[in-house]
Amino acid sequence: MNYFLSVLILLLVPACDSPTVTVSDEITRKFQASGRTFVNLVEVLPVPWDRVCILGPYSDNSAAQKTLGFHWDVEATSSIPNDDDRALLLFVKDQTVVELVEHPRRNGDFANLSRQCFVRERATFHHQTNPKKGWPGLFPKE
(Lines give C-alpha, C1' and ligand atoms only; values in the text may rest on other atoms or scores of the structure.)
Protein backbone atom coordinates (compact mmCIF):
# COMPACT_ATOMS: atom_id res chain seq x y z
CA MET A 1 0.00 0.00 0.00
CA ASN A 2 2.86 2.43 0.74
CA TYR A 3 4.19 1.90 -2.80
CA PHE A 4 0.91 3.07 -4.31
CA LEU A 5 0.77 6.05 -1.97
CA SER A 6 4.32 7.01 -3.01
CA VAL A 7 3.41 6.79 -6.69
CA LEU A 8 0.31 8.88 -6.13
CA ILE A 9 2.33 11.56 -4.33
CA LEU A 10 4.88 11.64 -7.15
CA LEU A 11 2.09 12.09 -9.68
CA LEU A 12 0.49 14.90 -7.72
CA VAL A 13 3.63 16.88 -6.88
CA PRO A 14 3.97 18.45 -10.37
CA ALA A 15 0.36 19.62 -10.10
CA CYS A 16 1.35 21.62 -7.01
CA ASP A 17 4.05 23.61 -8.84
CA SER A 18 3.57 27.33 -9.33
CA PRO A 19 1.14 28.37 -12.08
CA THR A 20 2.35 28.39 -15.66
CA VAL A 21 3.67 31.76 -16.83
CA THR A 22 1.81 32.90 -19.93
CA VAL A 23 3.18 35.00 -22.77
CA SER A 24 0.98 37.86 -21.54
CA ASP A 25 2.54 37.51 -18.08
CA GLU A 26 5.99 37.68 -19.65
CA ILE A 27 5.04 40.79 -21.70
CA THR A 28 3.82 42.42 -18.49
CA ARG A 29 6.99 41.44 -16.62
CA LYS A 30 9.31 42.82 -19.32
CA PHE A 31 7.24 46.01 -19.67
CA GLN A 32 7.29 46.62 -15.92
CA ALA A 33 11.02 45.80 -15.71
CA SER A 34 11.66 48.58 -18.26
CA GLY A 35 9.88 51.08 -16.01
CA ARG A 36 6.81 50.77 -18.27
CA THR A 37 8.74 52.36 -21.14
CA PHE A 38 9.12 49.53 -23.70
CA VAL A 39 8.78 45.83 -24.45
CA ASN A 40 10.60 43.69 -27.02
CA LEU A 41 8.30 40.86 -28.10
CA VAL A 42 11.22 38.81 -29.43
CA GLU A 43 12.26 38.32 -25.80
CA VAL A 44 8.90 36.98 -24.64
CA LEU A 45 8.09 34.22 -27.14
CA PRO A 46 10.69 31.54 -27.77
CA VAL A 47 8.87 29.74 -30.62
CA PRO A 48 9.77 30.77 -34.20
CA TRP A 49 7.59 33.52 -35.67
CA ASP A 50 7.94 36.00 -38.56
CA ARG A 51 5.52 38.76 -37.61
CA VAL A 52 3.11 39.83 -34.90
CA CYS A 53 -0.31 41.13 -35.89
CA ILE A 54 -2.44 43.09 -33.48
CA LEU A 55 -6.21 43.18 -33.26
CA GLY A 56 -7.84 45.67 -30.96
CA PRO A 57 -11.11 45.47 -29.07
CA TYR A 58 -14.20 44.38 -30.99
CA SER A 59 -12.23 43.00 -33.96
CA ASP A 60 -14.09 40.33 -35.92
CA ASN A 61 -13.25 37.67 -38.52
CA SER A 62 -13.29 40.22 -41.33
CA ALA A 63 -10.72 42.39 -39.53
CA ALA A 64 -8.58 39.32 -38.81
CA GLN A 65 -8.59 38.24 -42.46
CA LYS A 66 -7.71 41.73 -43.73
CA THR A 67 -4.92 42.04 -41.18
CA LEU A 68 -3.42 38.56 -41.50
CA GLY A 69 -3.96 38.06 -45.23
CA PHE A 70 -5.58 34.67 -44.60
CA HIS A 71 -8.68 33.35 -42.85
CA TRP A 72 -8.41 32.85 -39.11
CA ASP A 73 -11.45 32.53 -36.85
CA VAL A 74 -10.87 35.20 -34.21
CA GLU A 75 -14.52 35.05 -33.15
CA ALA A 76 -14.26 31.41 -32.07
CA THR A 77 -10.78 31.54 -30.55
CA SER A 78 -10.72 34.74 -28.49
CA SER A 79 -12.83 37.17 -26.48
CA ILE A 80 -11.66 40.18 -28.54
CA PRO A 81 -14.90 40.55 -30.54
CA ASN A 82 -16.76 41.29 -27.28
CA ASP A 83 -14.08 42.78 -25.04
CA ASP A 84 -12.50 46.23 -24.78
CA ASP A 85 -9.98 45.70 -21.99
CA ARG A 86 -7.44 43.70 -23.99
CA ALA A 87 -5.70 43.50 -27.36
CA LEU A 88 -5.01 40.31 -29.27
CA LEU A 89 -1.46 39.65 -30.41
CA LEU A 90 -1.20 37.02 -33.13
CA PHE A 91 2.28 35.63 -33.70
CA VAL A 92 2.50 34.33 -37.26
CA LYS A 93 4.94 31.97 -39.00
CA ASP A 94 4.36 31.74 -42.75
CA GLN A 95 0.55 31.54 -43.02
CA THR A 96 -0.10 30.06 -39.56
CA VAL A 97 -0.91 31.63 -36.22
CA VAL A 98 1.60 29.93 -33.90
CA GLU A 99 0.58 31.79 -30.74
CA LEU A 100 -2.30 34.02 -29.74
CA VAL A 101 -2.08 36.27 -26.73
CA GLU A 102 -4.96 38.17 -25.19
CA HIS A 103 -3.08 40.93 -23.42
CA PRO A 104 -4.73 43.28 -20.88
CA ARG A 105 -4.42 46.89 -21.99
CA ARG A 106 -3.52 48.01 -18.46
CA ASN A 107 -0.25 46.02 -18.75
CA GLY A 108 0.95 47.66 -21.98
CA ASP A 109 -1.68 48.92 -24.41
CA PHE A 110 -1.31 47.69 -28.00
CA ALA A 111 -4.85 48.74 -29.04
CA ASN A 112 -3.69 51.81 -31.03
CA LEU A 113 -1.95 49.37 -33.37
CA SER A 114 -5.08 47.40 -34.22
CA ARG A 115 -5.08 45.84 -37.69
CA GLN A 116 -1.33 46.24 -38.13
CA CYS A 117 1.45 43.67 -38.41
CA PHE A 118 5.11 44.08 -37.50
CA VAL A 119 8.00 41.92 -38.61
CA ARG A 120 10.01 40.26 -35.88
CA GLU A 121 12.90 42.73 -36.33
CA ARG A 122 10.52 45.65 -35.59
CA ALA A 123 8.74 44.08 -32.62
CA THR A 124 10.01 46.48 -29.96
CA PHE A 125 7.29 48.80 -28.76
CA HIS A 126 7.76 51.98 -26.73
CA HIS A 127 5.21 53.63 -24.49
CA GLN A 128 4.11 57.08 -25.59
CA THR A 129 2.21 59.26 -23.16
CA ASN A 130 1.26 61.88 -25.77
CA PRO A 131 1.15 60.14 -29.17
CA LYS A 132 0.49 62.07 -32.38
CA LYS A 133 -2.61 59.95 -32.92
CA GLY A 134 -4.62 57.82 -30.52
CA TRP A 135 -4.36 57.47 -26.76
CA PRO A 136 -1.36 56.70 -24.55
CA GLY A 137 0.02 53.27 -25.30
CA LEU A 138 2.68 51.20 -27.02
CA PHE A 139 3.99 52.15 -30.46
CA PRO A 140 6.85 50.92 -32.67
CA LYS A 141 10.04 52.93 -32.57
CA GLU A 142 9.95 55.56 -35.30
# chains A, B, ... in the order shown; residues from 1 in each chain; ligands from 1
call {"tool": "residues_around", "arguments": {"residues": "range 68-78 of chain A", "least_positions_apart": "2", "cutoff": "9 Å", "atoms": "only C-alpha atoms", "output": "VMD selection string"}}
result
chain A and resid 53 59 to 66 80 to 82 88 90 92 95 to 97 100 to 102 115 to 117
call {"tool": "residues_around", "arguments": {"residues": "range 133-140 of chain A", "least_positions_apart": "2", "cutoff": "8 Å", "atoms": "only C-alpha atoms", "output": "CSV table (one decimal) with N, CA and C atoms, in the first residue's frame"}}
result
chain,number,residue,atom,x,y,z
A,38,PHE,N,9.1,50.3,-22.4
A,38,PHE,CA,9.1,49.5,-23.7
A,38,PHE,C,9.0,48.0,-23.4
A,108,GLY,N,0.3,47.3,-20.7
A,108,GLY,CA,0.9,47.7,-22.0
A,108,GLY,C,-0.1,47.6,-23.1
A,109,ASP,N,-0.5,48.8,-23.5
A,109,ASP,CA,-1.7,48.9,-24.4
A,109,ASP,C,-1.2,48.9,-25.9
A,110,PHE,N,-1.6,47.8,-26.6
A,110,PHE,CA,-1.3,47.7,-28.0
A,110,PHE,C,-2.5,48.1,-28.9
A,111,ALA,N,-3.6,48.5,-28.3
A,111,ALA,CA,-4.9,48.7,-29.0
A,111,ALA,C,-4.7,49.8,-30.1
A,112,ASN,N,-3.9,50.8,-30.0
A,112,ASN,CA,-3.7,51.8,-31.0
A,112,ASN,C,-3.2,51.2,-32.3
A,113,LEU,N,-2.6,50.0,-32.2
A,113,LEU,CA,-1.9,49.4,-33.4
A,113,LEU,C,-2.9,48.3,-34.0
A,122,ARG,N,11.1,44.4,-36.0
A,122,ARG,CA,10.5,45.7,-35.6
A,122,ARG,C,9.5,45.5,-34.5
A,123,ALA,N,9.7,44.4,-33.7
A,123,ALA,CA,8.7,44.1,-32.6
A,123,ALA,C,9.1,44.6,-31.2
A,124,THR,N,9.8,45.8,-31.2
A,124,THR,CA,10.0,46.5,-30.0
A,124,THR,C,9.1,47.7,-29.9
A,125,PHE,N,8.3,47.8,-28.9
A,125,PHE,CA,7.3,48.8,-28.8
A,125,PHE,C,7.6,49.7,-27.5
A,126,HIS,N,7.5,51.0,-27.8
A,126,HIS,CA,7.8,52.0,-26.7
A,126,HIS,C,6.5,52.7,-26.3
A,127,HIS,N,6.4,52.9,-25.0
A,127,HIS,CA,5.2,53.6,-24.5
A,127,HIS,C,5.3,55.1,-24.8
A,128,GLN,N,4.2,55.6,-25.3
A,128,GLN,CA,4.1,57.1,-25.6
A,128,GLN,C,3.0,57.6,-24.8
A,129,THR,N,3.2,58.6,-24.0
A,129,THR,CA,2.2,59.3,-23.2
A,129,THR,C,1.4,60.2,-24.0
A,130,ASN,N,2.0,60.9,-24.9
A,130,ASN,CA,1.3,61.9,-25.8
A,130,ASN,C,1.5,61.6,-27.3
A,131,PRO,N,0.9,60.5,-27.8
A,131,PRO,CA,1.2,60.1,-29.2
A,131,PRO,C,0.5,61.2,-30.1
A,142,GLU,N,10.0,54.9,-34.0
A,142,GLU,CA,9.9,55.6,-35.3
A,142,GLU,C,11.3,55.6,-36.0
call {"tool": "closest_residue", "arguments": {"among": "A:Ile54, A:Lys141, A:Val119, A:Ala87", "to": "Val42 in chain A", "atoms": "only C-alpha atoms"}}
result
A:Val119
call {"tool": "closest_residue", "arguments": {"among": "A:Thr22, A:Thr67, A:Ser114, A:Gln32", "to": "Leu45 in chain A", "atoms": "only C-alpha atoms"}}
result
A:Thr22
call {"tool": "select_by_dssp", "arguments": {"residues": "range 2-138 of chain A", "states": "alpha helix (DSSP H)", "output": "count of residues only"}}
result
34
call {"tool": "atom_distance", "arguments": {"atom1": "CA of Asp50 in chain A", "atom2": "CA of Glu26 in chain A"}}
result
19.1 Å
call {"tool": "atom_distance", "arguments": {"atom1": "CA of Thr37 in chain A", "atom2": "CA of Tyr58 in chain A"}}
result
26.2 Å
call {"tool": "atom_distance", "arguments": {"atom1": "CA of Pro46 in chain A", "atom2": "CA of Asp85 in chain A"}}
result
25.7 Å
call {"tool": "select_by_dssp", "arguments": {"residues": "chain A", "states": "strand (DSSP E or B)", "output": "VMD selection string"}}
result
chain A and resid 38 to 40 51 to 55 86 to 93 96 to 104 116 to 119 124 to 128 137 to 140
call {"tool": "closest_residue", "arguments": {"among": "A:Arg105, A:Asp94, A:Arg51, A:Pro57", "to": "Phe118 in chain A", "atoms": "only C-alpha atoms"}}
result
A:Arg51
